[in-house]
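Participant: Data: protein30.cif, mmCIF, C-alpha atoms.
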data_work
#
loop_
_atom_site.label_atom_id
_atom_site.label_comp_id
_atom_site.auth_asym_id
_atom_site.auth_seq_id
_atom_site.Cartn_x
_atom_site.Cartn_y
_atom_site.Cartn_z
CA VAL A 1 -39.60 6.39 -51.87
CA GLY A 2 -40.83 2.98 -50.74
CA ALA A 3 -39.67 -0.19 -48.99
CA PHE A 4 -36.14 -1.06 -50.19
CA ASP A 5 -32.54 -1.01 -49.04
CA THR A 6 -30.78 -0.78 -52.42
CA ILE A 7 -31.56 0.77 -55.78
CA GLY A 8 -29.45 0.31 -58.89
CA GLY A 9 -26.87 -1.41 -56.68
CA ILE A 10 -26.61 1.66 -54.43
CA PRO A 11 -27.45 1.33 -50.70
CA ALA A 12 -30.52 3.45 -50.01
CA ASN A 13 -32.88 2.92 -47.08
CA GLY A 14 -36.32 3.61 -48.50
CA ILE A 15 -35.49 6.93 -50.13
CA ALA A 16 -33.34 7.73 -53.16
CA LYS A 17 -32.78 10.44 -55.77
CA TRP A 18 -31.92 10.35 -59.48
CA ASP A 19 -29.25 12.83 -60.58
CA GLY A 20 -29.83 12.34 -64.29
CA ALA A 21 -27.29 9.57 -64.62
CA THR A 22 -27.43 7.37 -61.53
CA TRP A 23 -29.36 6.71 -58.34
CA ARG A 24 -27.99 8.13 -55.08
CA ASN A 25 -29.01 7.85 -51.45
CA VAL A 26 -30.43 10.95 -49.77
CA ASN A 27 -28.08 12.40 -47.17
CA GLY A 28 -27.20 8.93 -45.90
CA PHE A 29 -30.74 8.19 -44.72
CA PRO A 30 -30.27 5.55 -42.00
CA ALA A 31 -31.87 2.15 -41.52
CA LEU A 32 -34.46 2.88 -38.83
CA ASN A 33 -36.59 -0.25 -39.03
CA THR A 34 -34.10 -3.12 -38.78
CA PRO A 35 -34.29 -6.01 -39.41
CA ASP A 36 -37.00 -4.95 -41.88
CA PHE A 37 -36.69 -2.33 -44.61
CA ASN A 38 -37.67 1.26 -43.92
CA THR A 39 -41.02 2.02 -45.52
CA ILE A 40 -41.04 5.66 -46.62
CA SER A 41 -44.43 6.99 -47.74
CA GLU A 42 -43.67 10.62 -48.57
CA VAL A 43 -41.01 13.33 -48.44
CA ILE A 44 -41.79 17.05 -48.34
CA ASN A 45 -40.02 20.35 -47.75
CA TYR A 46 -40.67 21.84 -44.32
CA GLN A 47 -39.17 25.18 -43.34
CA SER A 48 -35.49 24.85 -44.33
CA GLY A 49 -35.32 21.06 -44.17
CA LEU A 50 -36.61 17.86 -45.70
CA VAL A 51 -39.15 15.69 -43.86
CA ALA A 52 -39.64 11.96 -44.49
CA VAL A 53 -42.59 10.00 -43.12
CA GLY A 54 -43.49 6.32 -43.23
CA ASN A 55 -43.25 3.20 -41.10
CA PHE A 56 -40.04 2.95 -39.09
CA ASN A 57 -40.42 2.48 -35.36
CA ASN A 58 -37.39 0.66 -34.05
CA GLU A 59 -35.71 3.67 -32.47
CA THR A 60 -36.80 5.52 -29.35
CA ASP A 61 -37.31 8.96 -30.90
CA ARG A 62 -36.90 8.77 -34.68
CA LYS A 63 -40.29 7.11 -35.15
CA SER A 64 -42.09 7.37 -38.50
CA VAL A 65 -41.15 11.03 -39.09
CA VAL A 66 -37.68 12.57 -39.32
CA LEU A 67 -36.17 15.86 -40.45
CA TRP A 68 -32.95 16.51 -42.34
CA ASP A 69 -31.54 19.56 -40.51
CA GLY A 70 -28.58 20.05 -42.84
CA THR A 71 -26.31 17.81 -40.80
CA ASP A 72 -28.28 14.75 -39.71
CA TRP A 73 -31.68 13.07 -39.80
CA VAL A 74 -33.23 14.08 -36.46
CA ASP A 75 -36.46 13.30 -34.66
CA ILE A 76 -39.42 15.68 -34.57
CA GLY A 77 -40.83 15.83 -31.06
CA GLY A 78 -40.12 12.17 -30.37
CA GLY A 79 -41.84 11.04 -33.55
CA VAL A 80 -45.21 9.33 -33.99
CA ASP A 81 -45.98 5.87 -32.69
CA GLY A 82 -47.71 4.37 -35.72
CA TRP A 83 -47.67 4.24 -39.51
CA LEU A 84 -47.63 7.55 -41.43
CA ASP A 85 -49.03 7.71 -44.94
CA CYS A 86 -48.74 11.41 -45.69
CA ALA A 87 -47.48 14.85 -44.72
CA GLU A 88 -48.43 18.40 -45.68
CA VAL A 89 -47.49 21.92 -44.60
CA TYR A 90 -50.48 24.10 -43.75
CA ASN A 91 -50.34 27.58 -42.19
CA GLY A 92 -46.69 26.99 -41.35
CA ASP A 93 -47.29 23.79 -39.37
CA LEU A 94 -46.39 20.23 -40.36
CA TYR A 95 -49.43 17.95 -40.58
CA VAL A 96 -49.08 14.16 -40.72
CA GLY A 97 -51.71 11.50 -41.29
CA GLY A 98 -51.81 7.74 -41.14
CA TYR A 99 -52.74 4.93 -38.79
CA PHE A 100 -52.12 5.84 -35.16
CA MET A 101 -54.18 6.47 -32.04
CA GLN A 102 -54.17 9.18 -29.40
CA GLN A 103 -51.93 7.20 -27.07
CA ASP A 104 -48.26 6.37 -26.52
CA GLY A 105 -47.37 10.05 -26.81
CA ASN A 106 -49.46 10.74 -29.92
CA ALA A 107 -51.48 13.96 -29.88
CA GLY A 108 -54.37 12.85 -32.08
CA ASN A 109 -56.19 10.04 -33.84
CA PHE A 110 -54.94 9.43 -37.39
CA ILE A 111 -53.89 13.08 -37.89
CA GLN A 112 -51.83 15.55 -35.87
CA ARG A 113 -49.68 18.64 -36.43
CA TRP A 114 -46.25 19.86 -35.37
CA ASP A 115 -46.26 23.58 -34.48
CA GLY A 116 -42.49 23.84 -34.27
CA ALA A 117 -42.37 22.97 -30.59
CA ASN A 118 -45.05 20.38 -29.84
CA TRP A 119 -47.38 17.87 -31.48
CA ARG A 120 -51.00 19.07 -31.39
CA GLU A 121 -54.39 17.53 -32.05
CA VAL A 122 -56.20 18.75 -35.19
CA GLY A 123 -59.74 19.93 -34.46
CA GLY A 124 -60.82 16.78 -32.64
CA SER A 125 -59.17 14.39 -35.13
CA VAL A 126 -61.01 11.95 -37.42
CA ALA A 127 -62.71 8.64 -36.67
CA GLY A 128 -64.43 5.72 -38.31
CA PRO A 129 -66.87 3.10 -37.02
CA GLY A 130 -65.82 1.88 -33.60
CA GLY A 131 -63.24 4.66 -33.36
CA ASN A 132 -61.05 3.12 -36.03
CA GLY A 133 -59.87 4.94 -39.15
CA GLN A 134 -56.91 6.13 -41.21
CA VAL A 135 -55.82 9.24 -43.09
CA HIS A 136 -54.20 8.33 -46.40
CA ASP A 137 -53.49 11.71 -47.99
CA LEU A 138 -53.56 15.46 -47.39
CA VAL A 139 -53.61 18.45 -49.73
CA VAL A 140 -53.93 22.22 -49.35
CA MET A 141 -56.20 24.19 -51.68
CA GLN A 142 -57.50 27.74 -51.43
CA GLY A 143 -56.43 28.17 -47.83
CA ASN A 144 -57.94 24.91 -46.59
CA LEU A 145 -56.52 21.49 -45.71
CA TYR A 146 -58.29 18.44 -47.17
CA ALA A 147 -57.92 14.96 -45.72
CA VAL A 148 -58.97 11.67 -47.32
CA GLY A 149 -58.88 8.11 -46.07
CA THR A 150 -61.03 5.67 -44.12
CA PHE A 151 -63.19 7.62 -41.68
CA SER A 152 -66.80 8.61 -41.17
CA SER A 153 -66.40 11.77 -39.10
CA ALA A 154 -63.96 14.60 -38.54
CA GLY A 155 -64.13 16.65 -35.35
CA ASN A 156 -67.46 14.89 -34.62
CA VAL A 157 -68.87 16.22 -37.92
CA PRO A 158 -70.16 13.58 -40.38
CA ALA A 159 -67.56 13.26 -43.14
CA SER A 160 -67.44 10.21 -45.40
CA LYS A 161 -63.82 9.51 -46.39
CA ILE A 162 -63.10 13.21 -47.17
CA ALA A 163 -63.15 16.35 -45.02
CA ARG A 164 -62.02 19.97 -45.07
CA PHE A 165 -60.14 21.70 -42.22
CA ASP A 166 -60.15 25.49 -42.22
CA GLY A 167 -57.56 25.91 -39.49
CA THR A 168 -60.18 25.82 -36.73
CA GLN A 169 -62.89 23.29 -37.54
CA TRP A 170 -63.59 20.28 -39.74
CA CYS A 171 -66.33 20.34 -42.39
CA GLY A 172 -67.96 17.43 -44.19
CA LEU A 173 -68.39 17.53 -47.96
CA GLY A 174 -71.61 15.53 -48.07
CA GLY A 175 -72.43 12.21 -49.70
CA PHE A 176 -71.35 8.71 -48.71
CA PHE A 177 -68.42 6.91 -50.33
CA ASP A 178 -68.69 3.15 -49.91
CA GLN A 179 -64.92 2.57 -49.65
CA ARG A 180 -61.75 4.45 -48.84
CA ILE A 181 -60.34 7.42 -50.73
CA GLN A 182 -56.62 6.77 -51.14
CA THR A 183 -55.19 9.92 -52.70
CA ILE A 184 -56.13 13.53 -53.40
CA GLU A 185 -54.56 16.30 -55.47
CA SER A 186 -55.38 19.91 -56.31
CA ILE A 187 -55.11 20.81 -60.00
CA ALA A 188 -56.14 24.31 -61.14
CA ASP A 189 -58.20 24.78 -57.95
CA THR A 190 -60.06 21.53 -58.56
CA LEU A 191 -59.90 18.54 -56.20
CA ILE A 192 -59.14 15.24 -57.90
CA PHE A 193 -59.37 12.12 -55.72
CA ALA A 194 -59.09 8.39 -56.23
CA GLY A 195 -59.40 5.21 -54.22
CA ALA A 196 -61.24 1.96 -53.72
CA PHE A 197 -64.75 3.45 -53.78
CA ARG A 198 -67.31 2.05 -56.20
CA SER A 199 -70.24 4.35 -55.43
CA LEU A 200 -71.19 7.72 -53.99
CA SER A 201 -74.45 7.75 -52.03
CA GLY A 202 -75.56 4.66 -53.95
CA ASP A 203 -74.64 6.01 -57.39
CA SER A 204 -72.39 3.32 -58.89
CA SER A 205 -71.34 5.56 -61.78
CA PHE A 206 -68.78 7.01 -59.37
CA SER A 207 -65.95 4.50 -59.38
CA SER A 208 -62.33 4.85 -58.26
CA ILE A 209 -61.68 8.42 -59.43
CA ALA A 210 -63.69 11.63 -59.38
CA LYS A 211 -63.36 15.40 -59.20
CA TRP A 212 -65.33 18.29 -57.73
CA GLU A 213 -67.08 20.70 -60.10
CA ASN A 214 -69.84 23.32 -59.69
CA THR A 215 -70.23 25.14 -56.38
CA ILE A 216 -72.30 23.78 -53.50
CA PRO A 217 -71.89 24.42 -49.76
CA ASP A 218 -70.23 21.92 -47.45
CA SER A 219 -71.38 21.35 -43.86
CA CYS A 220 -69.73 24.64 -42.85
CA ALA A 221 -71.55 26.49 -45.65
CA TYR A 222 -68.32 27.03 -47.60
CA PRO A 223 -68.85 27.02 -51.39
CA LEU A 224 -67.23 23.86 -52.68
CA GLN A 225 -67.47 21.78 -55.80
CA ALA A 226 -69.87 18.92 -56.27
CA PRO A 227 -68.55 15.60 -57.53
CA GLU A 228 -68.87 15.23 -61.28
CA ILE A 229 -68.66 12.20 -63.55
CA THR A 230 -67.15 12.53 -66.99
CA ASP A 231 -68.81 10.63 -69.87
CA HIS A 232 -71.53 9.52 -67.43
CA HIS A 233 -69.20 7.01 -65.81
CA THR A 234 -65.90 8.02 -64.30
CA ILE A 235 -63.11 10.43 -65.04
CA LYS A 236 -60.47 8.88 -67.25
CA ALA A 237 -56.84 9.44 -66.31
#
Spit out the file's structure as structure tokens when you get a sec.
Facilitator:
Amino acid sequence: VGAFDTIGGIPANGIAKWDGATWRNVNGFPALNTPDFNTISEVINYQSGLVAVGNFNNETDRKSVVLWDGTDWVDIGGGVDGWLDCAEVYNGDLYVGGYFMQQDGNAGNFIQRWDGANWREVGGSVAGPGGNGQVHDLVVMQGNLYAVGTFSSAGNVPASKIARFDGTQWCGLGGFFDQRIQTIESIADTLIFAGAFRSLSGDSSFSSIAKWENTIPDSCAYPLQAPEITDHHTIKA
């Protein structure tokens, strides 16, 4: 996925697949951002279809999130007016995050969920200084949804660039990251995250990539894992 209209000489509007021998387009994914390329950030399975999210806003309904229903790429609740960076399925609902505000038909700030019928706000959303912010990535681990990005609170709870949602409320993980967290992944029930940060609560040995290890409570008193540095500097990929 990305921002392109051909790959290997094959027309493909931001999304393509490799069949082992050649590149192919994915179900004739349309050009939805003309005259510019589609920018597709992520594709995931949702229910019985495939969901693509990104930045494509030049149609009335198919805005930044679409679903392959087996026949066509269709809108999901009129889409999202903004730029979507990520998508995740949590408790059966489709969650999307990115850069958008609670206006122009959007249900939340920087994160919202589709319950199968309507877009809904997620626990009061997230926010940064001055109300600005962005959610760059989402991951599910041990029955919780984790969001990372550029924000300082989630649901009015202090949360520096990373927060946990338990289906009802947001919880902050403690500490202060000086810059954004760009991506997060769960590996063997451990959170690994990376981004532009160069310090955690003033400790400059945390730089760009870190993981959580050893149990400590978050702001909701849920046992989590404290950030750990490997080799006294940073975790090596």
Participant: Of the residues A:Gly14, A:Gly2, A:Gly82, A:Gly167, which is the one nearest to Tyr95 (chain A), using only C-alpha atoms?
Facilitator: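 Ranked by minimum distance to Tyr95 (chain A), first place goes to A:Gly167.
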Participant: Please write as a list in words the full residue list that the PyMOL selection byres ((chain A and resi 56) around 6) yields on this file.
Facilitator: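 That expression, the PyMOL selection byres ((chain A and resi 56) around 6), corresponds here to Leu32, Asn33, Asn38, Asn55, Asn57, Lys63 and Ser64 of chain A.
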Participant: Quick one: residues within 9 Å of Phe165 (chain A), all atoms listed in the file, excluding same-chain residues fewer than 6 positions away - as a list of chain:residue names?
Facilitator: A:Val122, A:Gly123, A:Asn144, A:Leu145, A:Tyr146, A:Ala147, A:Ala154, A:Cys171
Participant: Determine, counting all atoms listed in the file, which protein, DNA and RNA residues have an atom within 10 Å of an atom of region 174-188 of chain A; residues of the same chain fewer than 6 positions away are not included. Present the result as a PyMOL selection string.
Facilitator: chain A and resi 85-86+133-142+146-152+158-163+194-204+206-211+216-219+226-227
Participant: Specify the axis-aligned box that encloses all atoms of region 113-121 of chain A listed in the file after padding of 4 Å on each side, stating its centre and edge lengths in Å to one decimal as JSON.
Facilitator:
{"center_x": -48.4, "center_y": 20.7, "center_z": -33.1, "size_x": 20.0, "size_y": 14.3, "size_z": 14.6}
Participant: Evaluate the PyMOL selection byres ((chain A and resi 111) around 6) and record the selected residues as a PDB file with C-alpha atoms, in the coordinates of the input, following the chain and residue labels used in the document.
Facilitator:
ATOM      1  CA  VAL A  96     -49.080  14.160 -40.720  1.00  0.00           C
ATOM      2  CA  GLY A  97     -51.710  11.500 -41.290  1.00  0.00           C
ATOM      3  CA  GLY A 108     -54.370  12.850 -32.080  1.00  0.00           C
ATOM      4  CA  ASN A 109     -56.190  10.040 -33.840  1.00  0.00           C
ATOM      5  CA  PHE A 110     -54.940   9.430 -37.390  1.00  0.00           C
ATOM      6  CA  GLN A 112     -51.830  15.550 -35.870  1.00  0.00           C
TER       7      GLN A 112
END
Participant: Pick out the residues sitting within 12 Å of Gly49 (chain A), and hand them over as an NGL selection string; count all atoms listed in the file, and ignore anything fewer than 6 positions along from it in its own chain.
Facilitator: :A and (27 or 43 or 66-74 or 76 or 94)
Participant: Could the residues in this selection be written to a file with C-alpha atoms, as a PDB file, keeping the file's coordinate frame?
Facilitator:
ATOM      1  CA  ASN A  27     -28.080  12.400 -47.170  1.00  0.00           C
ATOM      2  CA  VAL A  43     -41.010  13.330 -48.440  1.00  0.00           C
ATOM      3  CA  VAL A  66     -37.680  12.570 -39.320  1.00  0.00           C
ATOM      4  CA  LEU A  67     -36.170  15.860 -40.450  1.00  0.00           C
ATOM      5  CA  TRP A  68     -32.950  16.510 -42.340  1.00  0.00           C
ATOM      6  CA  ASP A  69     -31.540  19.560 -40.510  1.00  0.00           C
ATOM      7  CA  GLY A  70     -28.580  20.050 -42.840  1.00  0.00           C
ATOM      8  CA  THR A  71     -26.310  17.810 -40.800  1.00  0.00           C
ATOM      9  CA  ASP A  72     -28.280  14.750 -39.710  1.00  0.00           C
ATOM     10  CA  TRP A  73     -31.680  13.070 -39.800  1.00  0.00           C
ATOM     11  CA  VAL A  74     -33.230  14.080 -36.460  1.00  0.00           C
ATOM     12  CA  ILE A  76     -39.420  15.680 -34.570  1.00  0.00           C
ATOM     13  CA  LEU A  94     -46.390  20.230 -40.360  1.00  0.00           C
TER      14      LEU A  94
END
Participant: To verify the selection step, state as a ChimeraX atom specification which residues the PyMOL selection byres ((chain A and resi 25) around 9) yields on this input.
Facilitator: /A:6-7,10-18,23-24,26-29
Participant: Record the distance separating CA of Trp119 (chain A) and CA of Arg62 (chain A), expressed in Å with one decimal.
Facilitator: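 About the pair CA of Trp119 (chain A) and CA of Arg62 (chain A): they are 14.2 Å apart.
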Participant: Quick one, how far is CA of Tyr46 (chain A) from CA of Arg113 (chain A)?
Facilitator: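 It comes out at 12.4 Å.
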Participant: Hey, which of A:Gly116, A:Gly54, A:Gly130, A:Gly78 ends up closest to Gly98 (chain A)? Count only C-alpha atoms.
Facilitator: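 Nearest to Gly98 (chain A): A:Gly54.
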Participant: From the options A:Asp81, A:Ala87, A:Arg120, A:Pro30, which residue's atoms come nearest to Gln103 (chain A), counting all atoms listed in the file?
Facilitator: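 Counting all atoms listed in the file, the residue closest to Gln103 (chain A) is A:Asp81.
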Participant: Report, in Å with one decimal, the straight-line distance from CA of Ala107 (chain A) to CA of Asn91 (chain A).
Facilitator: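 Taking CA of Ala107 (chain A) and CA of Asn91 (chain A), their separation equals 18.4 Å.
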Participant: Determine the nearest neighbour of Asp115 (chain A) from the options A:Ser153, A:Thr190, A:Asn58, A:Gln47, counting only C-alpha atoms.
Facilitator: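 Closest to Asp115 (chain A), using only C-alpha atoms: A:Gln47.
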